[in-house]
>>> print(open('data_18.txt').read())   # compact mmCIF, C-alpha atoms
# COMPACT_ATOMS: atom_id res chain seq x y z
CA MET A 1 63.22 18.46 -81.10
CA ILE A 2 60.10 16.44 -81.74
CA GLY A 3 60.13 14.63 -85.06
CA SER A 4 61.14 17.44 -87.35
CA VAL A 5 59.24 20.14 -85.44
CA PRO A 6 61.68 21.98 -83.17
CA ILE A 7 60.32 23.51 -79.97
CA LEU A 8 62.56 26.48 -79.14
CA ARG A 9 62.68 28.41 -75.87
CA ILE A 10 63.10 32.19 -75.82
CA GLY A 11 63.07 33.37 -72.21
CA ARG A 12 59.71 32.19 -70.82
CA THR A 13 58.25 31.69 -74.28
CA LEU A 14 58.15 28.50 -76.31
CA LEU A 15 58.32 28.80 -80.08
CA LEU A 16 56.89 26.09 -82.25
CA SER A 17 57.52 26.54 -85.96
CA ILE A 18 55.71 23.91 -87.98
CA GLN A 19 57.33 23.53 -91.40
CA LEU A 20 55.95 20.17 -92.41
CA GLU A 21 52.61 18.94 -93.64
CA LEU A 22 50.78 17.51 -90.64
CA SER A 23 48.95 14.24 -90.86
CA ASP A 24 46.11 13.91 -88.35
CA ALA A 25 48.11 11.53 -86.16
CA VAL A 26 51.21 13.74 -86.12
CA ALA A 27 49.08 16.82 -85.31
CA GLU A 28 47.66 15.14 -82.24
CA THR A 29 51.05 13.84 -81.07
CA LEU A 30 52.51 17.30 -81.53
CA GLN A 31 49.71 18.77 -79.42
CA ASN A 32 50.59 16.44 -76.54
CA ASP A 33 54.31 17.12 -76.93
CA VAL A 34 53.77 20.89 -76.76
CA LEU A 35 51.79 20.58 -73.52
CA LEU A 36 54.56 18.44 -72.02
CA ALA A 37 57.16 20.97 -73.15
CA ILE A 38 55.18 23.78 -71.47
CA GLU A 39 55.21 21.86 -68.19
CA LYS A 40 58.87 20.92 -68.51
CA HIS A 41 60.11 24.43 -69.27
CA GLY A 42 57.64 26.31 -67.07
CA THR A 43 56.81 28.72 -69.87
CA SER A 44 54.28 31.53 -69.66
CA SER A 45 53.64 31.87 -73.37
CA LEU A 46 53.58 29.87 -76.56
CA VAL A 47 54.04 31.07 -80.13
CA ILE A 48 52.96 28.77 -82.94
CA ASP A 49 54.36 29.78 -86.32
CA ILE A 50 52.28 28.48 -89.23
CA THR A 51 53.97 30.28 -92.14
CA GLY A 52 54.80 26.79 -93.43
CA PHE A 53 51.12 25.92 -93.96
CA ASP A 54 49.75 26.63 -97.43
CA PHE A 55 46.39 25.25 -96.35
CA VAL A 56 44.76 24.41 -93.02
CA ASP A 57 41.77 22.11 -92.88
CA THR A 58 39.25 22.00 -90.04
CA TYR A 59 41.13 19.18 -88.34
CA VAL A 60 44.39 21.08 -88.07
CA ALA A 61 42.51 24.29 -87.23
CA ARG A 62 40.74 22.49 -84.40
CA ILE A 63 44.04 21.05 -83.11
CA LEU A 64 45.56 24.56 -83.11
CA ALA A 65 42.56 26.12 -81.35
CA GLU A 66 42.44 23.30 -78.82
CA THR A 67 46.16 23.54 -78.12
CA SER A 68 45.68 27.21 -77.35
CA LYS A 69 42.83 26.42 -74.94
CA MET A 70 44.77 23.60 -73.28
CA ALA A 71 47.83 25.82 -72.84
CA ARG A 72 45.57 28.49 -71.30
CA LEU A 73 44.35 25.96 -68.73
CA MET A 74 48.00 25.50 -67.79
CA GLY A 75 48.46 29.25 -67.44
CA THR A 76 50.20 29.77 -70.75
CA GLU A 77 49.06 32.31 -73.35
CA THR A 78 49.25 31.30 -77.00
CA VAL A 79 49.67 33.42 -80.11
CA ILE A 80 49.46 31.90 -83.57
CA VAL A 81 51.60 33.79 -86.08
CA GLY A 82 52.18 33.83 -89.81
CA MET A 83 48.84 32.67 -91.19
CA ARG A 84 49.02 33.06 -94.95
CA PRO A 85 46.30 34.94 -96.86
CA GLU A 86 45.08 31.79 -98.61
CA VAL A 87 44.68 30.01 -95.28
CA ALA A 88 42.80 32.90 -93.65
CA ALA A 89 40.47 33.19 -96.65
CA THR A 90 39.81 29.45 -96.79
CA LEU A 91 39.04 29.07 -93.08
CA VAL A 92 36.59 31.98 -93.01
CA ARG A 93 34.92 30.90 -96.26
CA MET A 94 34.38 27.48 -94.69
CA GLY A 95 32.74 29.13 -91.71
CA TYR A 96 35.53 28.47 -89.22
CA THR A 97 36.84 31.49 -87.36
CA MET A 98 38.95 29.93 -84.57
CA GLU A 99 37.17 31.82 -81.79
CA GLY A 100 39.15 32.55 -78.67
CA VAL A 101 42.57 32.22 -80.30
CA ARG A 102 45.05 35.10 -80.51
CA PHE A 103 46.84 35.82 -83.78
CA ALA A 104 49.65 38.07 -84.95
CA LEU A 105 50.95 38.85 -88.43
CA ASP A 106 54.42 37.43 -87.89
CA LEU A 107 56.85 36.22 -85.22
CA ASP A 108 58.02 39.76 -84.47
CA GLU A 109 54.48 41.01 -83.80
CA GLY A 110 53.64 37.85 -81.88
CA LEU A 111 56.57 38.18 -79.49
CA GLY A 112 55.74 41.88 -79.09
CA LEU A 113 52.17 40.97 -78.17
CA LEU A 114 53.54 38.69 -75.47
CA GLY A 115 55.66 41.47 -74.00
CA HIS A 116 59.03 40.54 -75.47
CA VAL A 117 61.16 43.54 -76.26
CA ILE A 118 63.15 42.96 -79.43
CA ALA A 119 66.37 44.97 -79.77
CA ARG A 120 66.52 46.83 -83.09
CA MET B 1 31.07 20.68 -122.92
CA VAL B 2 33.61 19.57 -120.35
CA GLU B 3 36.46 17.41 -121.56
CA VAL B 4 38.51 15.20 -119.24
CA ILE B 5 42.26 15.61 -119.84
CA SER B 6 43.53 13.16 -117.27
CA ARG B 7 42.02 10.79 -114.78
CA VAL B 8 43.55 9.00 -111.82
CA GLU B 9 41.96 6.79 -109.21
CA VAL B 10 43.45 6.79 -105.71
CA PRO B 11 42.39 4.36 -102.97
CA ILE B 12 41.49 5.71 -99.53
CA ALA B 13 42.39 2.97 -97.09
CA CYS B 14 44.17 4.55 -94.16
CA GLU B 15 44.52 7.89 -92.41
CA ASP B 16 47.73 8.72 -94.28
CA ASP B 17 45.77 8.65 -97.53
CA VAL B 18 44.27 12.00 -96.46
CA VAL B 19 47.76 13.42 -96.99
CA VAL B 20 48.41 11.39 -100.16
CA VAL B 21 45.21 12.45 -101.94
CA ARG B 22 45.33 16.13 -100.99
CA ARG B 23 48.98 16.31 -102.13
CA ARG B 24 48.02 14.99 -105.55
CA VAL B 25 45.16 17.48 -105.75
CA ARG B 26 47.46 20.34 -104.82
CA VAL B 27 49.93 19.38 -107.54
CA LEU B 28 47.22 18.93 -110.21
CA ALA B 29 45.51 22.21 -109.26
CA GLY B 30 48.81 24.10 -109.34
CA GLN B 31 49.59 22.71 -112.81
CA ARG B 32 46.29 23.90 -114.21
CA GLN B 33 46.57 27.63 -113.61
CA LEU B 34 44.41 27.74 -110.50
CA ASP B 35 45.61 30.66 -108.38
CA SER B 36 46.99 30.13 -104.87
CA PHE B 37 43.59 30.83 -103.25
CA ALA B 38 41.86 28.31 -105.48
CA VAL B 39 44.60 25.74 -104.84
CA ALA B 40 44.25 26.23 -101.06
CA ALA B 41 40.45 25.97 -101.35
CA VAL B 42 40.36 22.75 -103.36
CA THR B 43 43.18 21.19 -101.30
CA THR B 44 41.32 21.98 -98.09
CA ALA B 45 38.00 20.68 -99.43
CA THR B 46 39.77 17.49 -100.54
CA SER B 47 41.32 17.04 -97.12
CA GLU B 48 37.88 17.30 -95.48
CA LEU B 49 36.19 14.95 -97.94
CA VAL B 50 38.90 12.26 -97.89
CA ARG B 51 38.85 12.36 -94.10
CA ASN B 52 35.06 11.90 -94.20
CA VAL B 53 35.47 8.81 -96.39
CA PHE B 54 38.02 7.34 -94.00
CA VAL B 55 36.33 8.31 -90.71
CA HIS B 56 32.70 7.57 -91.61
CA ALA B 57 33.07 4.70 -94.08
CA GLY B 58 36.44 3.19 -93.18
CA GLY B 59 37.69 3.77 -96.72
CA GLY B 60 36.76 4.16 -100.35
CA LYS B 61 38.35 5.90 -103.29
CA ALA B 62 39.02 9.24 -104.89
CA ILE B 63 38.90 9.95 -108.62
CA LEU B 64 40.90 13.02 -109.65
CA GLU B 65 40.39 14.54 -113.09
CA GLU B 66 41.89 17.50 -114.88
CA VAL B 67 39.12 19.02 -116.97
CA THR B 68 38.69 21.81 -119.51
CA ASP B 69 35.69 23.52 -121.05
CA GLY B 70 37.71 24.80 -123.98
CA THR B 71 38.50 28.18 -122.46
CA ARG B 72 39.84 27.31 -119.03
CA TYR B 73 41.04 24.47 -116.87
CA GLY B 74 39.60 22.95 -113.76
CA LEU B 75 40.01 20.12 -111.34
CA ARG B 76 37.27 17.64 -110.58
CA ALA B 77 37.50 15.31 -107.60
CA THR B 78 35.04 12.57 -106.76
CA PHE B 79 35.01 10.82 -103.41
CA ILE B 80 33.21 7.51 -103.23
CA ASP B 81 32.52 5.23 -100.30
CA GLU B 82 30.23 2.35 -99.46
CA GLY B 83 29.76 3.45 -95.88
CA PRO B 84 26.60 4.11 -93.84
CA GLY B 85 25.49 7.09 -95.94
CA ILE B 86 24.06 10.29 -94.51
CA ASP B 87 20.62 10.25 -92.87
CA ASP B 88 19.87 13.92 -92.63
CA LEU B 89 21.71 15.50 -95.54
CA GLU B 90 19.96 18.89 -95.26
CA ARG B 91 21.11 19.27 -91.69
CA VAL B 92 24.66 18.13 -92.42
CA LEU B 93 24.95 20.60 -95.29
CA ARG B 94 23.84 23.43 -93.01
CA GLY B 95 26.97 22.70 -90.95
CA GLY B 96 27.60 22.36 -87.28
CA TYR B 97 26.51 18.73 -87.33
CA SER B 98 28.85 15.84 -86.77
CA THR B 99 28.49 12.17 -86.00
CA ALA B 100 32.17 11.34 -85.56
CA HIS B 101 34.84 13.40 -83.85
CA THR B 102 35.00 15.95 -86.61
CA MET B 103 33.85 19.50 -86.33
CA GLY B 104 30.81 19.19 -88.52
CA LEU B 105 32.11 21.70 -91.01
CA GLY B 106 33.65 19.17 -93.36
CA LEU B 107 30.82 18.93 -95.87
CA SER B 108 29.23 22.34 -95.45
CA GLY B 109 32.63 24.04 -95.43
CA SER B 110 33.90 22.16 -98.48
CA ARG B 111 30.77 23.13 -100.38
CA ARG B 112 31.53 26.82 -99.82
CA LEU B 113 35.08 26.43 -101.14
CA VAL B 114 34.39 24.99 -104.58
CA ASP B 115 32.62 26.05 -107.79
CA ARG B 116 30.53 22.93 -108.06
CA PHE B 117 29.43 20.52 -105.35
CA GLU B 118 27.25 17.46 -105.85
CA ILE B 119 26.41 14.82 -103.32
CA GLU B 120 24.54 11.56 -103.61
CA THR B 121 23.97 9.50 -100.53
CA GLU B 122 21.81 6.62 -99.52
CA PRO B 123 21.60 5.31 -95.95
CA GLY B 124 23.25 1.90 -95.82
CA LYS B 125 24.64 2.17 -99.35
CA GLY B 126 27.27 4.88 -99.31
CA THR B 127 28.09 8.41 -100.36
CA CYS B 128 29.51 10.03 -103.48
CA VAL B 129 30.69 13.64 -103.40
CA LYS B 130 31.84 15.41 -106.55
CA ILE B 131 33.57 18.79 -106.48
CA GLU B 132 34.99 21.07 -109.17
CA LYS B 133 37.28 24.03 -108.90
CA TRP B 134 38.00 26.11 -111.99
CA ALA B 135 40.76 28.53 -112.85
CA PRO B 136 39.44 32.10 -112.97
CA PHE B 137 38.50 33.58 -116.37
>>> encode(input="data_18.txt", output="structure tokens")
Amino acid sequence: MIGSVPILRIGRTLLLSIQLELSDAVAETLQNDVLLAIEKHGTSSLVIDITGFDFVDTYVARILAETSKMARLMGTETVIVGMRPEVAATLVRMGYTMEGVRFALDLDEGLGLLGHVIAR
Amino acid sequence: MVEVISRVEVPIACEDDVVVVRRRVRVLAGQRQLDSFAVAAVTTATSELVRNVFVHAGGGKAILEEVTDGTRYGLRATFIDEGPGIDDLERVLRGGYSTAHTMGLGLSGSRRLVDRFEIETEPGKGTCVKIEKWAPF
């Protein structure tokens, strides 16, 4: 648990579900904490759930994209899940497309993308 | 003729004020019948513009106004600083240009998100950015 952002482990996947409004300073701290958690738990994949965001500005978008790139350098694949329609529309209208980042509709799809088999 | 219904002035003095100002904008926009896409757009633009004031000028202020033209409501936000101003405004507004550690999409991106965007800047004197977002007809 980091602040009020829990980092949960599911097998070799870390799940980060951000349900609070990130200030710039908290976003950067969280980025560092996630990288440390990846090292500590030896995870092969990271899922970042952003259903809690009703808007994402370029700063937070950059932090998310960078976190994905940093995790990749450590050998961990990242999927960002749960981007709301308003957020997707706003980012693209601004001209920011978060190149090189993988996305999935929701947590279920995201875990599936990473090879997790969910029992039905 | 645009009429101002309410007006509030909020200082921008520290990084946390990015959160404070955009929260107020989100609440005001939600109250005035802007749809969720418009609320996200004006909140995001505000976040970028307040951050610009703080990062480039070290502070300033935001003026938030609820406005109406008689048939619909809108939100007007003005961001004022007495910082270094912008040398090459044309280039900055094209995007992809940044002097601080931002992505360079702050101004150009914000402009694309709102219904009205005005900027006045003078090197050495400061910058004033005014945006408006209106509820759909």
>>> interface_residues(input="data_18.txt", of="chain A", to="chain B", cutoff="12 Å", atoms="all atoms listed in the file", output="PyMOL selection string")
chain A and resi 20-26+53-63+84-98
>>> atom_distance(input="data_18.txt", atom1="CA of Arg72 (chain B)", atom2="CA of Phe117 (chain B)")
18.5 Å
>>> closest_residue(input="data_18.txt", among="A:Gly112, A:Ala65, A:Asp49, A:Gly42", to="Pro6 (chain A)", atoms="only C-alpha atoms")
A:Asp49
>>> residues_around(input="data_18.txt", residues="Asp33 (chain A)", least_positions_apart="2", cutoff="12 Å", atoms="all atoms listed in the file", output="list of chain:residue names")
A:Met1, A:Ile2, A:Gly3, A:Val5, A:Pro6, A:Ile7, A:Leu16, A:Val26, A:Ala27, A:Glu28, A:Thr29, A:Leu30, A:Gln31, A:Leu35, A:Leu36, A:Ala37, A:Ile38, A:Glu39, A:Lys40, A:Thr67, A:Ala71
>>> residues_around(input="data_18.txt", residues="Ser45 (chain A)", least_positions_apart="2", cutoff="6 Å", atoms="only C-alpha atoms", output="ChimeraX atom specification")
/A:13,43,76-78
>>> residues_near_point(input="data_18.txt", point="(23.5, 5.1, -102.4)", cutoff="12 Å", atoms="all atoms listed in the file", output="ChimeraX atom specification")
/B:80-87,119-129
>>> atom_distance(input="data_18.txt", atom1="CA of Asn32 (chain A)", atom2="CA of Ser44 (chain A)")
17.0 Å
>>> atom_distance(input="data_18.txt", atom1="CA of Leu49 (chain B)", atom2="CA of Val10 (chain B)")
13.4 Å
>>> closest_residue(input="data_18.txt", among="B:Val50, B:Met1, B:Asp69, B:Ile131", to="Cys14 (chain B)", atoms="all atoms listed in the file")
B:Val50
>>> closest_residue(input="data_18.txt", among="B:Val53, B:Glu66, B:Val8, B:Ala13", to="Leu28 (chain B)", atoms="all atoms listed in the file")
B:Glu66
>>> axis_aligned_box(input="data_18.txt", around="region 65-84 of chain A", padding_each_side="8 Å", output="JSON")
{"center_x": 47.3, "center_y": 28.6, "center_z": -81.2, "size_x": 25.7, "size_y": 26.5, "size_z": 43.5}
>>> closest_residue(input="data_18.txt", among="A:Val101, A:Ile48, A:Val34, A:Val79", to="Gly115 (chain A)", atoms="all atoms listed in the file")
A:Val79
>>> closest_residue(input="data_18.txt", among="B:Asp88, B:Val25, B:Ile12, B:Arg32", to="Asn52 (chain B)", atoms="only C-alpha atoms")
B:Ile12
>>> residues_around(input="data_18.txt", residues="Val81 (chain A)", least_positions_apart="3", cutoff="10 Å", atoms="all atoms listed in the file", output="list of chain:residue names")
A:Ser17, A:Val47, A:Ile48, A:Asp49, A:Ile50, A:Thr51, A:Thr78, A:Arg84, A:Arg102, A:Phe103, A:Ala104, A:Leu105, A:Asp106, A:Leu107, A:Asp108, A:Glu109, A:Gly110, A:Leu111
>>> build_atoms(input="data_18.txt", residues="region 3-25 of chain A", atoms="N, CA, C and O atoms", output="compact mmCIF listing (two decimals), in the frame of the given file")
# COMPACT_ATOMS: atom_id res chain seq x y z
N GLY A 3 60.22 14.94 -83.63
CA GLY A 3 60.13 14.63 -85.06
C GLY A 3 60.98 15.66 -85.77
O GLY A 3 62.14 15.85 -85.44
N SER A 4 60.38 16.38 -86.73
CA SER A 4 61.14 17.44 -87.35
C SER A 4 60.52 18.79 -87.00
O SER A 4 60.65 19.75 -87.74
N VAL A 5 59.79 18.87 -85.89
CA VAL A 5 59.24 20.14 -85.44
C VAL A 5 60.00 20.59 -84.19
O VAL A 5 59.79 20.07 -83.10
N PRO A 6 60.93 21.54 -84.34
CA PRO A 6 61.68 21.98 -83.17
C PRO A 6 60.82 22.84 -82.24
O PRO A 6 59.98 23.61 -82.72
N ILE A 7 60.97 22.65 -80.94
CA ILE A 7 60.32 23.51 -79.97
C ILE A 7 61.42 24.33 -79.31
O ILE A 7 62.24 23.80 -78.56
N LEU A 8 61.47 25.62 -79.62
CA LEU A 8 62.56 26.48 -79.14
C LEU A 8 62.09 27.33 -77.96
O LEU A 8 60.95 27.75 -77.90
N ARG A 9 63.01 27.59 -77.03
CA ARG A 9 62.68 28.41 -75.87
C ARG A 9 63.36 29.77 -75.99
O ARG A 9 64.56 29.86 -76.25
N ILE A 10 62.56 30.82 -75.84
CA ILE A 10 63.10 32.19 -75.82
C ILE A 10 62.63 32.80 -74.51
O ILE A 10 61.45 33.16 -74.39
N GLY A 11 63.50 32.89 -73.52
CA GLY A 11 63.07 33.37 -72.21
C GLY A 11 61.98 32.44 -71.67
O GLY A 11 62.17 31.22 -71.63
N ARG A 12 60.81 33.02 -71.33
CA ARG A 12 59.71 32.19 -70.82
C ARG A 12 58.68 31.88 -71.90
O ARG A 12 57.53 31.54 -71.62
N THR A 13 59.14 31.99 -73.16
CA THR A 13 58.25 31.69 -74.28
C THR A 13 58.75 30.47 -75.05
O THR A 13 59.95 30.33 -75.26
N LEU A 14 57.81 29.61 -75.43
CA LEU A 14 58.15 28.50 -76.31
C LEU A 14 57.76 28.86 -77.73
O LEU A 14 56.68 29.41 -77.95
N LEU A 15 58.61 28.54 -78.67
CA LEU A 15 58.32 28.80 -80.08
C LEU A 15 58.26 27.49 -80.84
O LEU A 15 59.20 26.69 -80.84
N LEU A 16 57.11 27.29 -81.46
CA LEU A 16 56.89 26.09 -82.25
C LEU A 16 56.70 26.53 -83.69
O LEU A 16 55.75 27.25 -84.00
N SER A 17 57.63 26.14 -84.56
CA SER A 17 57.52 26.54 -85.96
C SER A 17 57.29 25.29 -86.80
O SER A 17 58.18 24.46 -86.97
N ILE A 18 56.07 25.15 -87.29
CA ILE A 18 55.71 23.91 -87.98
C ILE A 18 55.95 24.08 -89.48
O ILE A 18 55.26 24.84 -90.14
N GLN A 19 56.95 23.38 -89.99
CA GLN A 19 57.33 23.53 -91.40
C GLN A 19 57.09 22.26 -92.19
O GLN A 19 57.67 22.05 -93.23
N LEU A 20 56.24 21.39 -91.65
CA LEU A 20 55.95 20.17 -92.41
C LEU A 20 54.44 20.00 -92.51
O LEU A 20 53.69 20.58 -91.73
N GLU A 21 54.04 19.19 -93.47
CA GLU A 21 52.61 18.94 -93.64
C GLU A 21 52.17 17.95 -92.56
O GLU A 21 52.74 16.87 -92.43
N LEU A 22 51.19 18.34 -91.77
CA LEU A 22 50.78 17.51 -90.64
C LEU A 22 49.74 16.49 -91.05
O LEU A 22 48.69 16.83 -91.59
N SER A 23 50.02 15.23 -90.77
CA SER A 23 48.95 14.24 -90.86
C SER A 23 48.16 14.36 -89.56
O SER A 23 48.62 14.96 -88.60
N ASP A 24 46.96 13.80 -89.54
CA ASP A 24 46.11 13.91 -88.35
C ASP A 24 46.81 13.35 -87.11
O ASP A 24 46.77 13.94 -86.04
N ALA A 25 47.47 12.19 -87.29
CA ALA A 25 48.11 11.53 -86.16
C ALA A 25 49.27 12.37 -85.62
O ALA A 25 49.43 12.53 -84.41
